[in-house]
Amino acid sequence: KSNKKILITTGATIAPLDPIRFLTNSSSGETGYVIALEALASGHDVTVIAGQKATSKLEWLNSHPNFKLIRIKTTQDMREQVLTLFDKSDCYISSAAIGDIHFETSAEKIKKDKLTDSLKVLNSPDILKEVVGLRKAHHLIIGFAAETELSLPILEKKWQSKPVDLLVGTKVGVSECFGDVSPQYIIYRGQGVVEFEGQLSKNQLAQKLMDIISSDQTHHLHS
């Protein structure tokens, strides 16, 4: 089996409001780390674009000859790196919790009494949607969707707007947060086809994804 160039995004992006305040989420980047580990063990070349605060375990992989780590802060930074590297990749795995809003960042700290007036919320670019629009025949795209209500209709709706090769739905909520050890997953191929549904550890999920990538079952599914 030939080794593939795998591009993974992981962790959270941040949306700065001013020099000291920012909006982010609790994604640890652990899923992307575990997938990267499994991909390296499977003989692939791996590049990880990770949020600034994503797990420091990613640095452990820096000594591996087939690994490259790029740290970013904002959704805009991540988009720039993804668009630079996507074309030369065989497989894009979007496991990052990418912030979907940003602010007009103030150069100075916003005074407390001005905060409520200054929070103009802007939509951030949808990187996965952009990547789906740029895909070529050789590309395999795996998207992630963190949902409080994980169901097939919700995943199908997401898949319709971003027809990836595989959509990994993860249940998040009060008890099932980003750091859950064995989250509930639905691995979805679109058009009603479910690859897997149930609980998996992050390691089991990574193994399952590598099996699919190696067997290449998904290729040319939607192209």
# chains A, B, ... in the order shown; residues from 1 in each chain; ligands from 1

call {"tool": "residues_around", "arguments": {"residues": "segment 92-97 of chain A", "least_positions_apart": "3", "cutoff": "10 Å", "atoms": "only C-alpha atoms", "output": "PyMOL selection string"}}
result
chain A and resi 5-14+24-33+35-36+47-51+54+75+78+82+85-87+89+100+127-128+131-132+135+139-146+164+166-168+178+209

call {"tool": "residues_around", "arguments": {"residues": "Asp18 of chain A", "least_positions_apart": "2", "cutoff": "6 Å", "atoms": "only C-alpha atoms", "output": "PyMOL selection string"}}
result
chain A and resi 16+20-21+105-106+109

call {"tool": "select_by_dssp", "arguments": {"residues": "segment 74-210 of chain A", "states": "helix (DSSP H, G or I)", "output": "number ranges by chain"}}
result
A: 75-88, 112-118, 127-134, 152-161, 202-210

call {"tool": "select_by_dssp", "arguments": {"residues": "segment 16-197 of chain A", "states": "strand (DSSP E)", "output": "PyMOL selection string"}}
result
chain A and resi 16+22-23+45-51+67-72+91-94+101-103+121-123+140-147+166-171+184-190+193-197

call {"tool": "closest_residue", "arguments": {"among": "A:Ala137, A:Ile154, A:Leu23, A:Pro183", "to": "Gln204 of chain A", "atoms": "only C-alpha atoms"}}
result
A:Pro183

call {"tool": "closest_residue", "arguments": {"among": "A:Gln76, A:Leu40, A:Leu150, A:Lys88", "to": "Asp126 of chain A", "atoms": "only C-alpha atoms"}}
result
A:Gln76

call {"tool": "residues_around", "arguments": {"residues": "Gly192 of chain A", "least_positions_apart": "6", "cutoff": "12 Å", "atoms": "only C-alpha atoms", "output": "list in words"}}
result
Ser151, Leu152, Pro153, Ile154, Leu155, Glu156, Lys157, Trp159, Gln160, Leu166, Leu167 and Ile186 of chain A

call {"tool": "write_last_selection", "arguments": {"atoms": "N, CA, C and O atoms", "output": "CSV table (one decimal), in the first residue's frame"}}
result
chain,number,residue,atom,x,y,z
A,151,SER,N,-27.9,13.0,15.3
A,151,SER,CA,-28.9,12.2,14.6
A,151,SER,C,-28.6,12.2,13.1
A,151,SER,O,-27.9,13.0,12.6
A,152,LEU,N,-29.1,11.2,12.4
A,152,LEU,CA,-28.9,11.0,11.0
A,152,LEU,C,-29.5,12.2,10.2
A,152,LEU,O,-28.8,12.7,9.3
A,153,PRO,N,-30.7,12.7,10.5
A,153,PRO,CA,-31.2,13.9,9.8
A,153,PRO,C,-30.2,15.1,9.9
A,153,PRO,O,-30.0,15.8,8.9
A,154,ILE,N,-29.7,15.3,11.1
A,154,ILE,CA,-28.7,16.5,11.2
A,154,ILE,C,-27.5,16.2,10.4
A,154,ILE,O,-27.0,17.2,9.7
A,155,LEU,N,-26.9,15.0,10.4
A,155,LEU,CA,-25.7,14.7,9.7
A,155,LEU,C,-26.0,14.8,8.2
A,155,LEU,O,-25.2,15.3,7.4
A,156,GLU,N,-27.2,14.3,7.7
A,156,GLU,CA,-27.5,14.4,6.3
A,156,GLU,C,-27.6,15.8,5.8
A,156,GLU,O,-27.1,16.2,4.8
A,157,LYS,N,-28.2,16.7,6.7
A,157,LYS,CA,-28.3,18.1,6.3
A,157,LYS,C,-26.9,18.7,6.2
A,157,LYS,O,-26.6,19.5,5.3
A,159,TRP,N,-24.1,17.0,5.6
A,159,TRP,CA,-23.5,16.4,4.4
A,159,TRP,C,-24.0,17.0,3.1
A,159,TRP,O,-23.2,17.2,2.2
A,160,GLN,N,-25.3,17.4,3.0
A,160,GLN,CA,-25.8,18.0,1.8
A,160,GLN,C,-25.1,19.3,1.5
A,160,GLN,O,-24.8,19.6,0.4
A,166,LEU,N,-16.4,11.2,4.1
A,166,LEU,CA,-16.9,10.6,5.4
A,166,LEU,C,-17.2,11.8,6.3
A,166,LEU,O,-16.4,12.7,6.4
A,167,LEU,N,-18.3,11.7,7.1
A,167,LEU,CA,-18.6,12.8,8.1
A,167,LEU,C,-18.6,12.0,9.4
A,167,LEU,O,-19.4,11.1,9.6
A,186,ILE,N,-21.2,8.7,15.0
A,186,ILE,CA,-21.8,8.2,13.8
A,186,ILE,C,-20.9,8.5,12.7
A,186,ILE,O,-20.6,9.7,12.4

call {"tool": "atom_distance", "arguments": {"atom1": "atom CA of Trp60 of chain A", "atom2": "atom CA of Asn3 of chain A"}}
result
21.5 Å

call {"tool": "closest_residue", "arguments": {"among": "A:Asp117, A:Glu38, A:Glu149, A:Asp90", "to": "Leu61 of chain A", "atoms": "only C-alpha atoms"}}
result
A:Glu38

call {"tool": "decode", "arguments": {"residues": "segment 195-206 of chain A", "atoms": "all heavy atoms", "output": "short mmCIF file (atom, residue, chain, number, x, y, z; two decimals), in the first residue's frame"}}
result
data_model
loop_
_atom_site.label_atom_id
_atom_site.label_comp_id
_atom_site.auth_asym_id
_atom_site.auth_seq_id
_atom_site.Cartn_x
_atom_site.Cartn_y
_atom_site.Cartn_z
N GLU A 195 -21.59 4.14 8.09
CA GLU A 195 -20.43 3.25 8.17
C GLU A 195 -20.35 2.62 9.57
O GLU A 195 -20.02 1.46 9.73
CB GLU A 195 -19.17 4.08 7.88
CG GLU A 195 -17.85 3.35 8.05
CD GLU A 195 -17.55 2.44 6.88
OE1 GLU A 195 -18.09 2.63 5.78
OE2 GLU A 195 -16.76 1.50 7.10
N PHE A 196 -20.64 3.44 10.59
CA PHE A 196 -20.54 2.96 11.97
C PHE A 196 -21.39 3.86 12.87
O PHE A 196 -21.50 5.05 12.64
CB PHE A 196 -19.08 3.01 12.46
CG PHE A 196 -18.94 2.68 13.92
CD1 PHE A 196 -18.85 1.37 14.35
CD2 PHE A 196 -18.92 3.70 14.88
CE1 PHE A 196 -18.75 1.07 15.71
CE2 PHE A 196 -18.83 3.40 16.24
CZ PHE A 196 -18.74 2.08 16.64
N GLU A 197 -21.99 3.22 13.91
CA GLU A 197 -22.69 4.01 14.91
C GLU A 197 -22.46 3.38 16.27
O GLU A 197 -22.63 2.17 16.43
CB GLU A 197 -24.20 4.05 14.59
CG GLU A 197 -24.98 4.92 15.54
CD GLU A 197 -26.43 5.18 15.08
OE1 GLU A 197 -26.82 4.67 14.01
OE2 GLU A 197 -27.14 5.86 15.81
N GLY A 198 -22.04 4.17 17.26
CA GLY A 198 -21.81 3.65 18.60
C GLY A 198 -20.65 4.34 19.30
O GLY A 198 -20.14 5.35 18.83
N GLN A 199 -20.24 3.76 20.43
CA GLN A 199 -19.15 4.35 21.20
C GLN A 199 -17.81 3.83 20.70
O GLN A 199 -17.68 2.66 20.34
CB GLN A 199 -19.29 3.99 22.67
CG GLN A 199 -20.19 4.94 23.44
CD GLN A 199 -20.00 4.75 24.94
OE1 GLN A 199 -20.08 3.63 25.44
NE2 GLN A 199 -19.76 5.83 25.67
N LEU A 200 -16.83 4.73 20.68
CA LEU A 200 -15.46 4.34 20.32
C LEU A 200 -14.50 5.16 21.17
O LEU A 200 -14.78 6.32 21.48
CB LEU A 200 -15.16 4.69 18.85
CG LEU A 200 -15.80 3.90 17.71
CD1 LEU A 200 -15.49 4.59 16.39
CD2 LEU A 200 -15.28 2.47 17.69
N SER A 201 -13.38 4.56 21.53
CA SER A 201 -12.32 5.39 22.11
C SER A 201 -11.69 6.16 20.95
O SER A 201 -11.89 5.80 19.78
CB SER A 201 -11.27 4.51 22.79
OG SER A 201 -10.54 3.78 21.80
N LYS A 202 -10.92 7.19 21.26
CA LYS A 202 -10.27 7.96 20.19
C LYS A 202 -9.31 7.08 19.39
O LYS A 202 -9.18 7.22 18.18
CB LYS A 202 -9.53 9.17 20.79
CG LYS A 202 -10.48 10.25 21.32
CD LYS A 202 -9.71 11.43 21.86
CE LYS A 202 -10.57 12.38 22.69
NZ LYS A 202 -11.63 13.05 21.94
N ASN A 203 -8.66 6.13 20.07
CA ASN A 203 -7.75 5.20 19.39
C ASN A 203 -8.51 4.31 18.40
O ASN A 203 -8.05 4.09 17.28
CB ASN A 203 -7.02 4.30 20.40
CG ASN A 203 -6.00 5.08 21.19
OD1 ASN A 203 -6.37 5.84 22.07
ND2 ASN A 203 -4.74 4.93 20.87
N GLN A 204 -9.66 3.81 18.85
CA GLN A 204 -10.48 2.95 17.96
C GLN A 204 -10.98 3.75 16.76
O GLN A 204 -10.99 3.25 15.64
CB GLN A 204 -11.67 2.38 18.74
CG GLN A 204 -11.29 1.31 19.74
CD GLN A 204 -12.45 0.98 20.68
OE1 GLN A 204 -13.25 1.83 21.05
NE2 GLN A 204 -12.53 -0.29 21.08
N LEU A 205 -11.35 5.00 17.00
CA LEU A 205 -11.81 5.86 15.90
C LEU A 205 -10.67 6.06 14.90
O LEU A 205 -10.86 5.92 13.69
CB LEU A 205 -12.27 7.23 16.43
CG LEU A 205 -12.61 8.25 15.34
CD1 LEU A 205 -13.89 7.87 14.60
CD2 LEU A 205 -12.74 9.66 15.91
N ALA A 206 -9.48 6.36 15.41
CA ALA A 206 -8.31 6.58 14.54
C ALA A 206 -8.00 5.34 13.71
O ALA A 206 -7.73 5.43 12.51
CB ALA A 206 -7.09 6.97 15.39
#
